[in-house]
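Enquirer: One file is attached below, start.tsv, containing TSV, C-alpha atoms.
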```tsv
chain	number	residue	atom	x	y	z
A	258	SER	CA	0.00	0.00	0.00
A	259	GLN	CA	1.04	3.58	-0.50
A	260	THR	CA	2.20	5.80	2.33
A	261	ILE	CA	3.43	9.35	2.60
A	262	HIS	CA	5.90	10.57	5.16
A	263	GLN	CA	6.34	14.19	6.08
A	264	TRP	CA	8.61	15.59	8.75
A	265	PRO	CA	9.07	17.21	11.14
A	266	ALA	CA	5.59	17.48	12.64
A	267	THR	CA	6.35	20.72	14.45
A	268	LEU	CA	9.03	23.31	13.88
A	269	VAL	CA	9.87	26.63	15.50
A	270	GLN	CA	12.38	28.70	13.57
A	271	PRO	CA	13.73	32.25	13.99
A	272	VAL	CA	13.21	34.87	11.33
A	273	GLY	CA	15.98	34.77	8.75
A	274	SER	CA	16.84	31.12	9.30
A	275	PRO	CA	16.72	28.56	6.48
A	276	LEU	CA	14.03	25.92	6.07
A	277	SER	CA	13.94	22.45	4.63
A	278	LEU	CA	10.85	20.26	4.80
A	279	GLU	CA	10.94	16.82	3.29
A	280	CYS	CA	8.22	14.56	2.01
A	281	THR	CA	8.58	11.03	0.68
A	282	VAL	CA	6.08	8.64	-0.82
A	283	GLU	CA	6.26	4.86	-0.77
A	284	GLY	CA	4.45	2.24	-2.77
A	285	THR	CA	3.87	4.13	-6.00
A	286	SER	CA	5.84	5.42	-8.97
A	287	ASN	CA	5.81	8.77	-10.73
A	288	PRO	CA	3.21	10.38	-8.46
A	289	ASN	CA	2.10	13.97	-8.76
A	290	LEU	CA	3.43	15.76	-5.68
A	291	TYR	CA	2.12	18.89	-3.98
A	292	TRP	CA	3.02	21.39	-1.30
A	293	TYR	CA	0.18	23.35	0.29
A	294	ARG	CA	0.20	25.89	3.08
A	295	GLN	CA	-2.67	26.60	5.43
A	296	ALA	CA	-2.56	29.74	7.52
A	297	ALA	CA	-4.44	29.68	10.82
A	298	GLY	CA	-8.18	29.55	10.17
A	299	ARG	CA	-7.73	29.69	6.42
A	300	GLY	CA	-7.97	27.39	3.43
A	301	LEU	CA	-5.23	25.45	1.65
A	302	GLN	CA	-3.04	27.50	-0.64
A	303	LEU	CA	-1.28	25.57	-3.39
A	304	LEU	CA	2.41	26.48	-3.32
A	305	PHE	CA	4.07	24.04	-5.70
A	306	TYR	CA	3.24	20.93	-7.65
A	307	SER	CA	5.30	18.48	-9.64
A	308	VAL	CA	4.34	15.93	-12.26
A	309	GLY	CA	7.83	14.43	-12.55
A	310	ILE	CA	11.46	14.54	-11.43
A	311	GLY	CA	12.88	18.02	-11.80
A	312	GLN	CA	9.52	19.47	-12.92
A	313	ILE	CA	8.24	22.10	-10.52
A	314	SER	CA	5.30	24.43	-11.05
A	315	SER	CA	5.11	27.41	-8.74
A	316	GLU	CA	1.73	28.88	-7.97
A	317	VAL	CA	2.53	31.83	-5.78
A	318	PRO	CA	5.65	34.03	-5.95
A	319	GLN	CA	7.11	34.01	-2.49
A	320	ASN	CA	9.98	33.28	-0.24
A	321	LEU	CA	9.91	29.53	-0.83
A	322	SER	CA	11.21	27.06	-3.39
A	323	ALA	CA	10.65	23.38	-4.08
A	324	SER	CA	12.71	20.59	-5.55
A	325	ARG	CA	12.11	17.01	-6.58
A	326	PRO	CA	15.50	15.31	-6.64
A	327	GLN	CA	14.02	11.81	-6.79
A	328	ASP	CA	10.78	10.36	-8.09
A	329	ARG	CA	9.15	10.08	-4.67
A	330	GLN	CA	10.86	12.88	-2.80
A	331	PHE	CA	9.63	16.45	-2.61
A	332	ILE	CA	11.44	19.16	-0.67
A	333	LEU	CA	10.27	22.60	0.35
A	334	SER	CA	12.96	25.14	1.15
A	335	SER	CA	13.60	28.69	2.10
A	336	LYS	CA	16.89	30.54	2.44
A	337	LYS	CA	15.53	33.09	4.93
A	338	LEU	CA	12.23	32.65	6.72
A	339	LEU	CA	9.78	35.51	7.24
A	340	LEU	CA	7.16	35.79	9.96
A	341	SER	CA	4.53	35.42	7.25
A	342	ASP	CA	5.88	31.94	6.42
A	343	SER	CA	4.27	30.56	9.57
A	344	GLY	CA	1.55	28.04	8.89
A	345	PHE	CA	0.60	24.42	8.45
A	346	TYR	CA	2.51	22.89	5.53
A	347	LEU	CA	1.03	19.87	3.87
A	348	CYS	CA	2.57	17.54	1.33
A	349	ALA	CA	0.29	15.46	-0.86
A	350	TRP	CA	0.61	12.88	-3.62
A	351	ARG	CA	-1.70	11.73	-6.32
A	352	VAL	CA	-1.60	9.06	-9.01
A	353	TRP	CA	-1.47	10.45	-12.53
A	354	GLY	CA	-5.01	10.49	-13.90
A	355	LEU	CA	-8.07	12.59	-14.34
A	356	ASN	CA	-10.24	11.66	-11.39
A	357	THR	CA	-7.69	10.50	-8.89
A	358	GLU	CA	-7.75	11.78	-5.33
A	359	ALA	CA	-4.87	13.31	-3.39
A	360	PHE	CA	-3.48	11.82	-0.20
A	361	PHE	CA	-1.91	14.04	2.43
A	362	GLY	CA	0.94	13.69	4.85
A	363	GLN	CA	0.31	14.62	8.45
A	364	GLY	CA	1.69	18.10	7.95
A	365	THR	CA	4.34	20.32	9.51
A	366	ARG	CA	3.26	23.11	11.79
A	367	LEU	CA	5.83	25.86	11.30
A	368	THR	CA	6.08	28.85	13.60
A	369	VAL	CA	8.51	31.58	12.67
A	370	VAL	CA	9.47	33.72	15.65
B	245	ARG	CA	-12.89	35.81	-8.96
B	246	LYS	CA	-11.33	32.96	-7.00
B	247	GLU	CA	-10.91	29.65	-8.78
B	248	VAL	CA	-12.86	27.82	-6.09
B	249	GLU	CA	-15.18	29.51	-3.61
B	250	GLN	CA	-17.05	28.26	-0.59
B	251	ASP	CA	-19.15	29.87	2.09
B	252	PRO	CA	-16.86	29.61	5.14
B	253	GLY	CA	-19.77	29.39	7.58
B	254	PRO	CA	-19.75	28.33	10.33
B	255	PHE	CA	-22.88	26.27	9.97
B	256	ASN	CA	-24.27	25.46	13.41
B	257	VAL	CA	-26.91	22.73	13.28
B	258	PRO	CA	-28.58	20.38	15.77
B	259	GLU	CA	-28.05	16.66	15.64
B	260	GLY	CA	-30.31	15.03	13.09
B	261	ALA	CA	-30.49	18.09	10.86
B	262	THR	CA	-29.89	18.11	7.14
B	263	VAL	CA	-27.29	20.58	5.94
B	264	ALA	CA	-26.04	21.48	2.47
B	265	PHE	CA	-22.86	23.17	1.29
B	266	ASN	CA	-22.20	24.68	-2.09
B	267	CYS	CA	-18.96	25.36	-3.86
B	268	THR	CA	-18.51	27.35	-7.09
B	269	TYR	CA	-15.63	27.09	-9.54
B	270	SER	CA	-14.56	29.56	-12.17
B	271	ASN	CA	-13.05	27.37	-14.90
B	272	SER	CA	-15.78	25.78	-17.02
B	273	ALA	CA	-13.25	23.25	-18.34
B	274	SER	CA	-12.71	21.73	-14.90
B	275	GLN	CA	-12.98	17.96	-14.93
B	276	SER	CA	-12.43	16.51	-11.47
B	277	PHE	CA	-14.24	17.40	-8.27
B	278	PHE	CA	-13.91	16.17	-4.73
B	279	TRP	CA	-15.07	16.84	-1.20
B	280	TYR	CA	-12.54	16.51	1.59
B	281	ARG	CA	-13.01	16.62	5.32
B	282	GLN	CA	-10.50	18.27	7.65
B	283	ASP	CA	-10.59	17.89	11.41
B	284	CYS	CA	-8.99	20.53	13.59
B	285	ARG	CA	-5.21	20.60	13.22
B	286	LYS	CA	-5.20	17.50	11.03
B	287	GLU	CA	-4.56	16.81	7.37
B	288	PRO	CA	-7.50	16.75	4.93
B	289	LYS	CA	-8.94	13.37	4.01
B	290	LEU	CA	-11.11	12.42	1.07
B	291	LEU	CA	-14.80	12.31	1.85
B	292	MET	CA	-16.04	11.56	-1.64
B	293	SER	CA	-15.46	12.21	-5.30
B	294	VAL	CA	-18.15	14.04	-7.23
B	295	TYR	CA	-19.38	12.45	-10.43
B	296	SER	CA	-21.39	14.04	-13.19
B	297	SER	CA	-24.44	11.94	-12.40
B	298	GLY	CA	-24.23	12.68	-8.69
B	299	ASN	CA	-23.31	10.13	-6.08
B	300	GLU	CA	-24.30	9.05	-2.62
B	301	ASP	CA	-22.40	7.45	0.22
B	302	GLY	CA	-24.60	6.71	3.21
B	303	ARG	CA	-25.78	10.02	4.64
B	304	PHE	CA	-23.69	12.03	2.19
B	305	THR	CA	-24.76	13.07	-1.30
B	306	ALA	CA	-22.62	14.99	-3.75
B	307	GLN	CA	-23.88	16.66	-6.89
B	308	LEU	CA	-22.34	18.51	-9.81
B	309	ASN	CA	-24.04	21.26	-11.80
B	310	ARG	CA	-21.84	22.04	-14.79
B	311	ALA	CA	-24.18	24.65	-16.26
B	312	SER	CA	-23.96	26.76	-13.11
B	313	GLN	CA	-20.44	25.63	-12.24
B	314	TYR	CA	-21.04	24.46	-8.73
B	315	ILE	CA	-20.87	21.32	-6.68
B	316	SER	CA	-22.81	20.55	-3.56
B	317	LEU	CA	-22.59	18.31	-0.54
B	318	LEU	CA	-25.68	17.26	1.39
B	319	ILE	CA	-25.41	15.69	4.82
B	320	ARG	CA	-28.51	14.04	6.21
B	321	ASP	CA	-29.17	13.12	9.83
B	322	SER	CA	-26.14	15.06	11.09
B	323	LYS	CA	-24.04	13.46	13.82
B	324	LEU	CA	-21.82	15.14	16.37
B	325	SER	CA	-18.90	13.41	14.65
B	326	ASP	CA	-19.69	15.29	11.42
B	327	SER	CA	-18.31	18.47	13.00
B	328	ALA	CA	-15.35	19.43	10.84
B	329	THR	CA	-14.33	21.66	7.95
B	330	TYR	CA	-15.44	20.49	4.52
B	331	LEU	CA	-13.19	21.39	1.61
B	332	CYS	CA	-14.22	21.54	-2.01
B	333	VAL	CA	-11.47	20.53	-4.46
B	334	VAL	CA	-11.27	21.10	-8.20
B	335	ASN	CA	-8.85	20.11	-10.94
B	336	PRO	CA	-9.34	23.32	-12.91
B	337	PHE	CA	-8.03	22.23	-16.29
B	338	PRO	CA	-8.87	19.47	-18.75
B	339	GLY	CA	-6.47	16.57	-18.73
B	340	ASN	CA	-3.84	16.04	-16.10
B	341	THR	CA	-1.84	19.20	-15.58
B	342	GLY	CA	-1.50	18.09	-11.98
B	343	LYS	CA	-3.08	21.12	-10.41
B	344	LEU	CA	-5.58	20.70	-7.57
B	345	ILE	CA	-7.24	23.76	-6.08
B	346	PHE	CA	-8.93	23.78	-2.68
B	347	GLY	CA	-11.68	26.06	-1.54
B	348	GLN	CA	-11.26	27.81	1.77
B	349	GLY	CA	-13.54	25.30	3.49
B	350	THR	CA	-16.91	25.36	5.18
B	351	THR	CA	-17.00	24.76	8.91
B	352	LEU	CA	-19.79	22.61	10.31
B	353	GLN	CA	-20.57	22.41	14.00
B	354	VAL	CA	-23.19	19.86	14.99
B	355	LYS	CA	-24.63	20.43	18.45
B	356	PRO	CA	-26.52	18.05	20.75
```
Please express what this file holds, its structure, as structure tokens.

Expert:
Amino acid sequence: SQTIHQWPATLVQPVGSPLSLECTVEGTSNPNLYWYRQAAGRGLQLLFYSVGIGQISSEVPQNLSASRPQDRQFILSSKKLLLSDSGFYLCAWRVWGLNTEAFFGQGTRLTVV
Amino acid sequence: RKEVEQDPGPFNVPEGATVAFNCTYSNSASQSFFWYRQDCRKEPKLLMSVYSSGNEDGRFTAQLNRASQYISLLIRDSKLSDSATYLCVVNPFPGNTGKLIFGQGTTLQVKP
């Protein structure tokens, strides 16, 4: 069966520090991968998505970047965090196809102080 | 106009009530539609897909209206455990570009 791992679960980082969040998927090949952010009390904002290795689509210009160095690995990074980067970061995967659902990792709750 | 819009609520209903949520989408070429449920401080989980002919899963019924570009979720006989945020999800383009857009969610609170 397929599983998705996302870590860490909670992170407190000072302003200006770097960030690296990692997400890995097991049990499937060539998944679509996604990074979403959810601010407190708000909806999910699509940050990045990838349909293959090295292919990254960015939805919102911001202080973050994403990379997909391996088929089932998706990394979210920042060189210098801002207070506004605080939020609940969710990684998701989805099988290629028209009506396929997305499955989420358990999320990382990031607080920038 | 946002790509996917929902009434954020909250909807406060008594146990046993029937409640309906709507979600509108802006891209008429959208092909895939889903409802997700998100509990407080947890990741979203699929509640049901939405098919063109409408579909039902127990107390939950989802419908798609392409002409008016909205999808709906009906919950019958509400339970306390139905309290959560319900997210509408749309693949806004034809084919698989990979993009999935979430609405901001509708909060439901079922009270005894």

Enquirer: Could you give me, as a list in words, the residues within 9 Å of region 284-291 of chain B, counting only C-alpha atoms and dropping anything in the same chain fewer than 6 positions from it?

Expert: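 Once the adjacent positions are removed, what remains is Phe345, Leu347, Glu358, Ala359, Phe360, Phe361, Gly362, Gln363, Gly364 and Arg366 of chain A; Phe278, Phe304, Ala328, Thr329, Tyr330 and Leu331 of chain B.
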
Enquirer: List as number ranges by chain the protein and nucleic acid residues near region 325-328 of chain A, meaning an atom at most 8 Å away when only C-alpha atoms are counted, but skip any in the same chain fewer than 5 places from it.

Expert: A: 286-288, 307, 309-313

Enquirer: Determine, for each residue of chain B having at least one atom at most 7 Å from an atom of chain A, the closest pair of atoms and their separation in Å to one decimal, counting only C-alpha atoms; order by chain and ascending number, as a Markdown table.

Expert:
```
| residue | atom | partner | partner_atom | distance |
| --- | --- | --- | --- | --- |
| B:Ser276 | CA | A:Asn356 | CA | 5.3 |
| B:Lys286 | CA | A:Gln363 | CA | 6.7 |
| B:Glu287 | CA | A:Gln363 | CA | 5.4 |
| B:Pro288 | CA | A:Phe361 | CA | 6.7 |
| B:Gly339 | CA | A:Leu355 | CA | 6.1 |
| B:Asn340 | CA | A:Leu355 | CA | 5.7 |
| B:Gly342 | CA | A:Val308 | CA | 6.2 |
| B:Lys343 | CA | A:Tyr306 | CA | 6.9 |
| B:Ile345 | CA | A:Leu303 | CA | 6.8 |
| B:Phe346 | CA | A:Leu301 | CA | 5.9 |
| B:Gly347 | CA | A:Gly300 | CA | 6.3 |
| B:Gln348 | CA | A:Gly300 | CA | 3.7 |
| B:Gly349 | CA | A:Gly300 | CA | 5.9 |
```

Enquirer: What separation in Å, quoted to one decimal, exists between CA of Leu344 (chain B) and CA of Gln307 (chain B)?

Expert: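 Separation of CA of Leu344 (chain B) and CA of Gln307 (chain B): 18.8 Å.
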
Enquirer: To one decimal place, how far is CA of Ser324 (chain A) from CA of Leu340 (chain A) in Å?

Expert: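 The value is 22.4 Å.
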